[in-house]
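I have placed the structure first, in the form of structure tokens, so that the comments after it can refer back to it.
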Number of protein chains: 2
Amino acid sequence: MNKKGLLFIVSAPSGAGKTTLCKELASSPAVGSLRHSVSHTTRGKRPGEMEGEHYYFVSEDKFAAIRDSGGFVEWAKVHGNLYGTSRAELERIFAGGGDVILDIDTQGAAKVRESGTGGVFIFILPPSMQELEKRLRSRNSDDEDEIRRRLARAVEEIKSFGMYDYIIVNDNMLKALDELAAVVKAERRKLQNVDPEWITKNFGV
Amino acid sequence: MNKKGLLFIVSAPSGAGKTTLCKELASSPAVGSLRHSVSHTTRGKRPGEMEGEHYYFVSEDKFAAIRDSGGFVEWAKVHGNLYGTSRAELERIFAGGGDVILDIDTQGAAKVRESGTGGVFIFILPPSMQELEKRLRSRNSDDEDEIRRRLARAVEEIKSFGMYDYIIVNDNMLKALDELAAVVKAERRKLQNVDPEWITKNFGV
């Protein structure tokens with residue numbers, strides 16, 4: 001009964017639990033068809049990576065051609081390589097009856113907003129800065145400077161919360177996952193996302 | 001972390017399963033504090049009815065005074081008696097930290113919209129007219145004329161679907177209940193319903 005697929009954009013500061021939440025969400029049977037989109041990239045293929053599964057591997061020229069024709073809803077340069085989410089990829093998933101989840105940072109989310117493609121913007125917060133610091137420290141993988149950098153970056157990202165449609169606090173993973181799933185289910189039932197013809201035909205009104 | 005309580009307005013044609021769904025929703029622990037508001041009425045108290053629990057029993061003069069001062073978000077005359085939902089009752093529940101669920105027909109919902117009080121409007125549909133007719137007939141309580149009247153009224157009510165924010169199809173009771181709960185949970189996480197001070201204080205941003 002839906003008009004077309006929906007795009008869910010999920011951002012969070014590092015340590016808020018976004019990656020786990022998005023993975024759990026996309027694999028939850030109760031949520032139905034929600035898929036991660038495959039990005040385009042100019043970086044080389046690594047052993048074991050599959051074209052169209054991990055990335056669409058393209059040349060810099062090809063990337064630039066897609067970008068210059070407005071074919072990306074967002075793109076970024078990371079460590080010298082280009083990465084982008086193409087409109088064609090989103091349309092491919094929508095055509096198959098699926099919705100898309102895009103796990104992306106606040107700068108990428110801002111670009112999707114600017115692209116005018118529409119979407120549901122969700123921001124995941126840790127319960128507090130103290131808890132975020134505790135989580136980053138408990139990883140034991142970063143030195144003090146790196147932890148400081150991540151915390152400073154988290155503050156910058158949290159300042160962008162006003163750009164999002166929904167704010168979810170990840171105090172408890174199961175509760176946060178339930179709320180994330182609730183946003184997906186509720187958005188699918190929004191009047192503007194329901195095909196009015198489904199109603200008029202089904203009820204003769 | 002929410003600014004204030006939310007008002008959820010639920011309408012449906014007779015036979016769509018609204019009453020059961022609203023009752024189950026309000027009693028679901030996963031949904032949290034969601035309460036039915038107590039209406040004002042001018043009809044006489046029946047044996048076993050409690051003031052402030054089943055209704056606020058008021059005189060016609062008192063009812064008119066509240067109504068004329070804009071104290072009702074909606075009111076209606078049914079079989080010669082007046083019934084209304086007061087703003088004071090909603091505020092009383094909000095002050096206690098609860099959200100309100102208002103189970104009301106499309107005309108009442110239209111009045112709440114006009115009152116400017118705000119709210120989340122949810123419409124519950126049966127899966128089809130055929131199924132609705134089947135459900136009404138299986139009750140074995142109405143004669144043919146009454147069934148015809150109910151079906152004709154259902155068509156009129158379904159025509160109002162465009163006034164609602166969410167459309168839920170009650171094909172399967174548990175699925176419809178899950179979607180209704182999803183709308184409640186998602187609305188609580190909407191940016192405009194979250195207290196921005198909670199975020200700025202908690203994260204020093």
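Residues are referred to by chain and number: the chain letter is A, B, ... according to the order shown in the structure tokens, the number counts from 1 in that chain, and ligands are numbered separately from 1 in the order shown.
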Within 9 Å of A:Ala26, counting only C-alpha atoms, which residues qualify if same-chain residues fewer than 6 places away don't, as number ranges by chain?
-> A: 32-36, 101
Could you write out that same residue set with C-alpha atoms as a CSV table (one decimal), in the first residue's frame?
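To be explicit, this is the file written out as out-v8.csv:
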```csv
chain,number,residue,atom,x,y,z
A,32,GLY,CA,10.7,-6.2,6.8
A,33,SER,CA,12.6,-5.2,3.7
A,34,LEU,CA,15.2,-2.6,4.8
A,35,ARG,CA,18.5,-2.7,2.9
A,36,HIS,CA,21.9,-1.1,3.0
A,101,ILE,CA,19.0,2.5,5.4
```
Select, as a PDB file with C-alpha atoms, in the first residue's frame, those residues of chain A with any atom no more than 6 Å from chain B (distances computed using only C-alpha atoms).
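The result, stored in iface_29.pdb:
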```
ATOM      1  CA  SER A 128      25.568  11.391  28.104  1.00  0.00           C
ATOM      2  CA  MET A 129      29.074  12.674  27.347  1.00  0.00           C
ATOM      3  CA  LYS A 159      25.511  20.120  17.528  1.00  0.00           C
ATOM      4  CA  ASP A 165      13.657  14.312  12.228  1.00  0.00           C
ATOM      5  CA  TYR A 166      14.050  11.877  15.119  1.00  0.00           C
ATOM      6  CA  ILE A 167      16.333  11.727  18.155  1.00  0.00           C
ATOM      7  CA  ALA A 182       9.228   2.057  15.477  1.00  0.00           C
ATOM      8  CA  VAL A 183      10.385   5.009  13.367  1.00  0.00           C
ATOM      9  CA  ALA A 186       5.553   4.507  11.623  1.00  0.00           C
ATOM     10  CA  ARG A 189       2.164   4.259   7.707  1.00  0.00           C
ATOM     11  CA  LYS A 190       2.389   8.036   7.206  1.00  0.00           C
ATOM     12  CA  LEU A 191      -0.369   9.438   5.032  1.00  0.00           C
ATOM     13  CA  ASN A 202     -10.134  -0.868  -2.090  1.00  0.00           C
ATOM     14  CA  PHE A 203     -13.039   1.014  -0.555  1.00  0.00           C
ATOM     15  CA  VAL A 205     -14.367   6.084  -2.066  1.00  0.00           C
TER      16      VAL A 205
END
```
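Considering the residues B:Ile124, B:Ala152, B:Ala64, B:Leu25 and counting only C-alpha atoms, B:Ala76 has its shortest atom-to-atom contact with B:Ala64.
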Record the distance separating atom CA of B:Gly108 and atom CA of B:Glu74, expressed in Å with one decimal.
->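 If I compute the distance from atom CA of B:Gly108 to atom CA of B:Glu74, I get 6.0 Å.
Separating atom CA of A:Phe8 from atom CA of A:Gly97 is a distance of 14.6 Å.
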Residues at most 10 Å from B:Glu89, counting only C-alpha atoms, excluding those fewer than 2 positions away in the same chain, as a PyMOL selection string?
-> chain B and resi 37-40+52+56+71-72+85-87+91-95+100
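If you look at atom CA of A:Arg137 and atom CA of A:Arg150, they are 10.7 Å away from each other.
Take the candidates B:Pro13, B:Gly70, B:Gly116, B:Pro29 and check each one against B:Ile104 using only C-alpha atoms; the shortest distance goes to B:Pro13.
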